[in-house]
$ cat start-v8.cif   # mmCIF, C-alpha atoms and all ligand atoms
data_run
loop_
_atom_site.label_atom_id
_atom_site.label_comp_id
_atom_site.auth_asym_id
_atom_site.auth_seq_id
_atom_site.Cartn_x
_atom_site.Cartn_y
_atom_site.Cartn_z
CA MET A 1 70.99 92.87 114.70
CA GLY A 2 74.75 92.64 114.25
CA LEU A 3 75.28 95.76 112.15
CA GLU A 4 76.02 98.09 115.13
CA VAL A 5 79.75 97.55 114.68
CA PHE A 6 79.56 99.46 111.39
CA ALA A 7 77.68 102.44 112.87
CA ASP A 8 80.63 104.86 112.80
CA TYR A 9 82.11 103.65 109.51
CA HIS A 10 82.74 106.29 106.86
CA ASP A 11 80.74 106.09 103.64
CA LYS A 12 80.33 108.30 100.58
CA ASP A 13 78.55 110.90 102.72
CA SER A 14 81.61 111.30 104.94
CA THR A 15 82.87 114.83 104.35
CA GLY A 16 86.51 114.35 105.21
CA HIS A 17 89.14 112.41 107.09
CA PRO A 18 88.06 112.10 110.73
CA SER A 19 90.12 114.04 113.23
CA VAL A 20 92.13 111.50 115.17
CA ASP A 21 95.59 111.67 116.67
CA MET A 22 97.62 110.78 113.59
CA SER A 23 100.79 110.44 115.64
CA ASN A 24 99.38 106.97 116.41
CA LEU A 25 99.52 104.15 113.94
CA THR A 26 96.30 104.22 111.91
CA ILE A 27 94.54 101.34 110.18
CA TYR A 28 91.77 101.90 107.65
CA GLY A 29 89.50 98.93 107.27
CA SER A 30 86.32 97.03 107.88
CA ILE A 31 85.87 94.29 110.45
CA ILE A 32 83.97 92.24 107.86
CA CYS A 33 87.11 91.97 105.72
CA PRO A 34 89.32 88.93 106.43
CA PHE A 35 92.40 90.76 105.13
CA VAL A 36 91.79 93.49 107.71
CA ARG A 37 91.29 90.98 110.52
CA ARG A 38 94.72 89.51 109.75
CA VAL A 39 96.21 92.87 110.68
CA LEU A 40 93.91 93.33 113.70
CA LEU A 41 95.01 89.95 115.08
CA VAL A 42 98.67 90.98 114.93
CA LEU A 43 97.90 94.35 116.54
CA ALA A 44 95.89 92.67 119.32
CA GLU A 45 98.47 89.97 119.96
CA LYS A 46 101.22 92.55 120.30
CA LYS A 47 99.04 95.03 122.22
CA ILE A 48 99.95 97.79 119.78
CA PRO A 49 97.92 101.00 120.24
CA TYR A 50 96.28 102.19 117.02
CA ASN A 51 93.44 104.22 115.51
CA PHE A 52 90.91 102.23 113.56
CA ILE A 53 89.05 104.15 110.85
CA GLY A 54 86.10 102.17 109.55
CA ILE A 55 85.53 102.32 105.79
CA ASP A 56 82.21 101.34 104.20
CA LEU A 57 83.42 99.01 101.44
CA ILE A 58 80.32 99.32 99.29
CA ASN A 59 80.14 103.15 99.42
CA LYS A 60 83.68 104.33 100.06
CA PRO A 61 84.27 107.92 101.07
CA GLN A 62 85.86 110.12 98.40
CA TRP A 63 88.62 111.26 100.80
CA TYR A 64 89.70 107.63 101.18
CA LEU A 65 89.92 107.13 97.40
CA ASP A 66 91.87 110.39 97.11
CA MET A 67 94.29 109.20 99.76
CA TYR A 68 94.55 105.64 98.41
CA PRO A 69 93.16 105.35 94.85
CA ALA A 70 93.09 101.53 94.86
CA GLY A 71 90.50 101.96 97.62
CA LYS A 72 91.16 98.57 99.19
CA VAL A 73 91.47 97.74 102.87
CA PRO A 74 93.51 97.25 104.98
CA TYR A 75 95.68 100.32 104.63
CA LEU A 76 98.24 101.51 107.17
CA LYS A 77 99.42 105.01 107.89
CA GLN A 78 102.22 105.73 110.34
CA GLY A 79 103.48 109.30 110.16
CA ASP A 80 104.44 109.77 106.50
CA LYS A 81 104.72 106.00 105.94
CA THR A 82 101.85 104.21 104.22
CA LEU A 83 101.39 100.52 103.37
CA PRO A 84 98.69 98.48 101.59
CA GLU A 85 98.29 94.67 101.54
CA SER A 86 97.46 92.58 104.59
CA LEU A 87 100.53 90.34 104.55
CA VAL A 88 102.86 93.28 103.96
CA ILE A 89 101.29 95.23 106.83
CA ALA A 90 101.18 92.22 109.18
CA ASN A 91 104.84 91.40 108.49
CA TYR A 92 105.83 95.04 108.93
CA LEU A 93 104.07 95.21 112.31
CA ASP A 94 105.63 91.91 113.30
CA SER A 95 109.12 93.28 112.52
CA ILE A 96 108.77 96.61 114.28
CA TYR A 97 107.08 95.24 117.41
CA PRO A 98 109.13 92.23 118.58
CA PRO A 99 109.03 89.47 119.65
CA THR A 100 108.18 87.96 116.30
CA LEU A 101 105.09 85.83 115.80
CA HIS A 102 106.97 83.82 113.18
CA PRO A 103 108.98 80.72 114.09
CA VAL A 104 112.52 81.90 114.85
CA ASP A 105 114.05 79.27 112.56
CA PRO A 106 114.15 80.77 109.01
CA TYR A 107 113.22 77.44 107.37
CA GLU A 108 110.16 77.09 109.62
CA LYS A 109 109.28 80.72 108.88
CA ALA A 110 109.44 79.98 105.15
CA LYS A 111 107.26 76.90 105.64
CA GLY A 112 104.74 79.09 107.46
CA SER A 113 104.46 81.25 104.32
CA LEU A 114 103.76 78.15 102.23
CA LEU A 115 101.07 77.04 104.68
CA ILE A 116 99.37 80.44 104.50
CA ASP A 117 99.17 80.10 100.70
CA GLU A 118 98.11 76.48 100.72
CA ILE A 119 95.31 76.94 103.26
CA THR A 120 94.06 80.37 102.17
CA SER A 121 93.74 79.35 98.54
CA PRO A 122 90.69 77.02 98.94
CA LEU A 123 89.25 79.46 101.48
CA PHE A 124 88.43 81.97 98.75
CA THR A 125 85.63 79.62 97.64
CA PRO A 126 82.97 80.79 100.15
CA ILE A 127 83.79 84.44 99.44
CA ARG A 128 83.36 83.80 95.70
CA CYS A 129 80.03 82.09 96.44
CA LEU A 130 78.80 85.21 98.24
CA LYS A 131 79.68 87.46 95.33
CA ASP A 132 78.86 85.27 92.31
CA SER A 133 75.19 85.56 91.43
CA SER A 134 75.55 83.30 88.36
CA LEU A 135 75.77 80.09 90.44
CA SER A 136 72.80 78.29 91.99
CA ILE A 137 72.71 77.62 95.75
CA GLU A 138 73.25 73.91 94.97
CA GLU A 139 76.38 74.71 92.97
CA LYS A 140 77.64 76.98 95.74
CA ASN A 141 77.06 74.33 98.41
CA LYS A 142 78.80 71.74 96.23
CA SER A 143 81.87 73.95 95.94
CA ILE A 144 81.80 74.60 99.71
CA THR A 145 81.73 70.82 100.31
CA GLU A 146 84.69 70.38 97.94
CA MET A 147 86.53 73.10 99.82
CA PHE A 148 85.99 71.35 103.19
CA THR A 149 87.19 68.06 101.69
CA LYS A 150 90.36 69.78 100.51
CA LEU A 151 90.87 71.50 103.89
CA GLU A 152 90.37 68.22 105.72
CA SER A 153 93.15 66.61 103.74
CA ILE A 154 95.45 69.55 104.56
CA PHE A 155 94.60 69.65 108.29
CA SER A 156 94.81 65.88 108.72
CA ASN A 157 98.32 65.98 107.22
CA ILE A 158 99.31 68.79 109.59
CA GLY A 159 97.94 66.93 112.60
CA THR A 160 99.10 69.42 115.27
CA LYS A 161 97.08 71.71 117.56
CA PHE A 162 98.23 74.80 115.62
CA LEU A 163 99.76 74.93 112.15
CA GLN A 164 103.43 74.84 113.06
CA GLY A 165 103.40 72.56 116.07
CA ASN A 166 103.41 75.31 118.69
CA GLU A 167 101.29 75.45 121.81
CA LYS A 168 99.92 78.85 120.79
CA PRO A 169 98.96 80.35 117.43
CA LEU A 170 101.78 81.83 115.36
CA PHE A 171 101.80 84.25 112.43
CA SER A 172 100.60 81.60 109.96
CA ASP A 173 97.59 80.71 112.16
CA TYR A 174 96.57 84.36 112.43
CA MET A 175 96.86 84.87 108.66
CA VAL A 176 94.68 81.87 107.86
CA TRP A 177 92.08 82.17 110.61
CA PRO A 178 90.09 85.20 109.35
CA PHE A 179 89.26 83.24 106.17
CA LEU A 180 88.63 79.95 107.94
CA GLU A 181 86.23 81.44 110.50
CA MET A 182 84.01 82.75 107.69
CA THR A 183 83.36 79.27 106.35
CA ILE A 184 80.79 78.61 109.09
CA PRO A 185 78.59 81.72 108.80
CA ILE A 186 78.75 81.60 104.98
CA SER A 187 77.88 77.87 104.82
CA SER A 188 75.00 78.40 107.25
CA TRP A 189 73.83 81.41 105.28
CA PHE A 190 73.58 79.18 102.18
CA SER A 191 71.79 76.50 104.29
CA HIS A 192 74.60 74.07 103.51
CA PRO A 193 73.32 70.50 104.03
CA THR A 194 76.09 69.59 106.51
CA ILE A 195 77.71 72.72 107.93
CA ASN A 196 75.82 74.87 110.42
CA GLY A 197 78.28 75.40 113.27
CA VAL A 198 81.68 74.28 114.50
CA ASP A 199 80.29 70.99 115.89
CA SER A 200 79.01 70.08 112.46
CA VAL A 201 82.51 70.75 111.05
CA CYS A 202 83.95 68.48 113.79
CA SER A 203 81.54 65.68 112.85
CA ALA A 204 82.05 65.84 109.09
CA TYR A 205 85.67 67.05 108.92
CA PRO A 206 87.31 66.17 112.29
CA SER A 207 90.82 67.55 111.69
CA THR A 208 89.49 70.86 110.36
CA GLY A 209 86.92 71.09 113.17
CA SER A 210 89.45 70.37 115.85
CA TYR A 211 91.80 73.07 114.51
CA MET A 212 88.90 75.52 114.41
CA LYS A 213 87.97 74.74 118.01
CA ASN A 214 91.57 75.29 119.11
CA MET A 215 91.67 78.67 117.37
CA MET A 216 88.30 79.68 118.83
CA GLN A 217 89.72 79.21 122.32
CA ASP A 218 92.50 81.73 121.68
CA ALA A 219 91.90 85.01 123.57
CA ILE A 220 93.20 87.14 120.68
CA VAL A 221 90.87 85.44 118.21
CA GLN A 222 87.97 85.95 120.63
CA LYS A 223 88.83 89.64 120.89
CA VAL A 224 88.96 90.26 117.12
CA SER A 225 86.34 87.92 115.61
CA PRO A 226 83.04 89.52 114.62
CA SER A 227 79.97 87.81 116.04
CA TYR A 228 78.03 85.29 113.99
CA ASP A 229 75.17 87.83 113.91
CA THR A 230 77.44 90.47 112.43
CA PHE A 231 78.47 88.17 109.58
CA THR A 232 74.94 87.11 108.77
CA ALA A 233 73.41 90.59 109.10
CA TYR A 234 76.08 91.93 106.72
CA TYR A 235 75.44 89.14 104.19
CA ASP A 236 71.68 89.77 104.46
CA LYS A 237 72.23 93.44 103.79
CA TYR A 238 74.64 93.18 100.86
CA TYR A 239 74.36 89.71 99.34
CA ARG A 240 70.73 88.59 99.76
CA PRO A 241 69.21 88.56 96.24
CA LYS A 242 66.50 91.18 95.85
CA THR A 243 63.10 89.52 95.54
CA ASP A 244 61.15 92.34 93.86
N1 LIG B 301 95.45 91.63 98.60
C1 LIG B 301 94.78 92.55 99.46
C2 LIG B 301 93.29 92.33 99.32
C3 LIG B 301 92.46 93.34 100.10
C4 LIG B 301 90.99 93.31 99.66
O1 LIG B 301 90.65 92.80 98.59
N2 LIG B 301 90.12 93.88 100.51
C5 LIG B 301 88.75 93.98 100.11
C6 LIG B 301 87.80 93.85 101.29
S1 LIG B 301 87.84 92.25 102.03
C7 LIG B 301 88.50 95.37 99.56
O2 LIG B 301 89.19 96.30 99.89
N3 LIG B 301 87.48 95.48 98.73
C8 LIG B 301 87.07 96.74 98.17
C9 LIG B 301 87.49 96.91 96.77
O3 LIG B 301 88.13 96.00 96.20
O4 LIG B 301 87.19 97.94 96.19
C10 LIG B 301 95.27 92.36 100.90
O5 LIG B 301 95.85 91.30 101.19
O6 LIG B 301 95.13 93.26 101.72
#

$ encode --input "start-v8.cif" --output "structure tokens"
Amino acid sequence: MGLEVFADYHDKDSTGHPSVDMSNLTIYGSIICPFVRRVLLVLAEKKIPYNFIGIDLINKPQWYLDMYPAGKVPYLKQGDKTLPESLVIANYLDSIYPPTLHPVDPYEKAKGSLLIDEITSPLFTPIRCLKDSSLSIEEKNKSITEMFTKLESIFSNIGTKFLQGNEKPLFSDYMVWPFLEMTIPISSWFSHPTINGVDSVCSAYPSTGSYMKNMMQDAIVQKVSPSYDTFTAYYDKYYRPKTD
């Protein structure tokens, strides 16, 4: 049913911080959160050992809010050092565990940051559709179609296997992917007229589909990505309008 991955997550009934070896790097998060998966991709790529403490995002434990009042995920703790914000955490991990996932050339590294912004920005559309109950399904699907059209123009301009011309994903690819992968389960969940799997993306938006297929073949992506069932079971549980 896809929700097993959340079985040991901490919710408002959790009585206190779990006892784990806090001499290890610790990440608080939820696998459903694309910001968290950014960090998990960097950890997996670099084979960094860490504790993962699952946080129920809808019913957060009080001890988590006491520790980090903003209550967002991801959150990193390493000894007495703490950090919020996915890009800050991912960059920090990249710096302290070389070799870097960024291009070595500083100009290319800067261009990678621009690409992350440019591509992630339209990718907030499906997430907004999940959360916004004021829009009809037709309006949501229309905005998802507009998002794919925008992405297609970006990916056709890029035209390389991965974002920065490398033979393997770099930092920018791993920062964008967690948002991009969600476009398929969310579109299918809204019964989008065109999008119901990666092949349908390839048919309608070939440059975007081809990039997605390349990313899906990456072993690190395969390790971190939740299953399609996990996405849809989570959306059913938290975003399906109540019918009574
Ligand atoms: N800018 C933050 C955004 C993190 C974020 O919004 N995470 C969401 C889950 S995907 C969250 O913590 N939501 C719970 C809340 O806002 O209370 C980052 O890059 O880490």

$ residues_around --input "start-v8.cif" --residues "stretch 51-65 of chain A" --least-positions-apart "6" --cutoff "9 Å" --atoms "only C-alpha atoms" --output "ChimeraX atom specification"
/A:6,8-18,20-22,24-31,71-73,238

$ axis_aligned_box --input "start-v8.cif" --around "stretch 230-237 of chain A" --padding-each-side "6 Å" --output "JSON"
{"center_x": 75.1, "center_y": 90.3, "center_z": 108.1, "size_x": 18.8, "size_y": 18.3, "size_z": 20.6}

$ closest_residue --input "start-v8.cif" --among "A:Leu130, A:Val198, A:Ala219, A:Met147" --to "A:Glu181" --atoms "all atoms listed in the file"
A:Val198

$ atom_distance --input "start-v8.cif" --atom1 "atom CA of A:Leu87" --atom2 "atom C1 of ligand LIG 301 (chain B)"
8.0 Å

$ residues_around --input "start-v8.cif" --residues "stretch 202-209 of chain A" --least-positions-apart "2" --cutoff "6 Å" --atoms "all atoms listed in the file" --output "ChimeraX atom specification"
/A:152,155-156,199-200,211-212

$ closest_residue --input "start-v8.cif" --among "A:Tyr239, A:Tyr92, A:Phe148, A:Phe179" --to "ligand LIG 301 (chain B)" --atoms "only C-alpha atoms and all ligand atoms"
A:Phe179

$ closest_residue --input "start-v8.cif" --among "A:Ser95, A:Thr100, A:Thr120, A:Ser133" --to "ligand LIG 301 (chain B)" --atoms "only C-alpha atoms and all ligand atoms"
A:Thr120

$ closest_residue --input "start-v8.cif" --among "A:Val201, A:Ala110, A:Ile32, A:Ala44" --to "A:Thr232" --atoms "all atoms listed in the file"
A:Ile32

$ build_atoms --input "start-v8.cif" --residues "stretch 190-202 of chain A" --atoms "N, CA, C and O atoms" --output "short mmCIF file (atom, residue, chain, number, x, y, z; two decimals), keeping the file's coordinate frame"
data_model
loop_
_atom_site.label_atom_id
_atom_site.label_comp_id
_atom_site.auth_asym_id
_atom_site.auth_seq_id
_atom_site.Cartn_x
_atom_site.Cartn_y
_atom_site.Cartn_z
N PHE A 190 74.05 79.87 103.38
CA PHE A 190 73.58 79.18 102.18
C PHE A 190 72.80 77.91 102.54
O PHE A 190 72.52 77.09 101.65
N SER A 191 72.47 77.72 103.82
CA SER A 191 71.79 76.50 104.29
C SER A 191 72.51 75.26 103.76
O SER A 191 71.88 74.35 103.20
N HIS A 192 73.81 75.22 103.94
CA HIS A 192 74.60 74.07 103.51
C HIS A 192 74.05 72.81 104.19
O HIS A 192 73.71 72.84 105.37
N PRO A 193 73.96 71.68 103.46
CA PRO A 193 73.32 70.50 104.03
C PRO A 193 74.06 69.92 105.25
O PRO A 193 73.43 69.23 106.07
N THR A 194 75.34 70.17 105.39
CA THR A 194 76.09 69.59 106.51
C THR A 194 76.58 70.62 107.52
O THR A 194 76.60 70.35 108.73
N ILE A 195 77.00 71.78 107.06
CA ILE A 195 77.71 72.72 107.93
C ILE A 195 76.78 73.79 108.48
O ILE A 195 76.22 74.59 107.74
N ASN A 196 76.61 73.81 109.82
CA ASN A 196 75.82 74.87 110.42
C ASN A 196 76.37 75.27 111.79
O ASN A 196 75.66 75.79 112.63
N GLY A 197 77.64 75.01 112.01
CA GLY A 197 78.28 75.40 113.27
C GLY A 197 79.56 74.59 113.41
O GLY A 197 79.78 73.64 112.64
N VAL A 198 80.37 74.96 114.41
CA VAL A 198 81.68 74.28 114.50
C VAL A 198 81.52 72.79 114.82
O VAL A 198 82.32 71.96 114.36
N ASP A 199 80.47 72.42 115.58
CA ASP A 199 80.29 70.99 115.89
C ASP A 199 80.01 70.19 114.63
O ASP A 199 80.46 69.05 114.51
N SER A 200 79.29 70.80 113.71
CA SER A 200 79.01 70.08 112.46
C SER A 200 80.30 69.92 111.64
O SER A 200 80.49 68.92 110.95
N VAL A 201 81.21 70.90 111.73
CA VAL A 201 82.51 70.75 111.05
C VAL A 201 83.27 69.59 111.70
O VAL A 201 83.84 68.73 111.03
N CYS A 202 83.24 69.56 113.06
CA CYS A 202 83.95 68.48 113.79
C CYS A 202 83.43 67.11 113.38
O CYS A 202 84.21 66.16 113.24
#
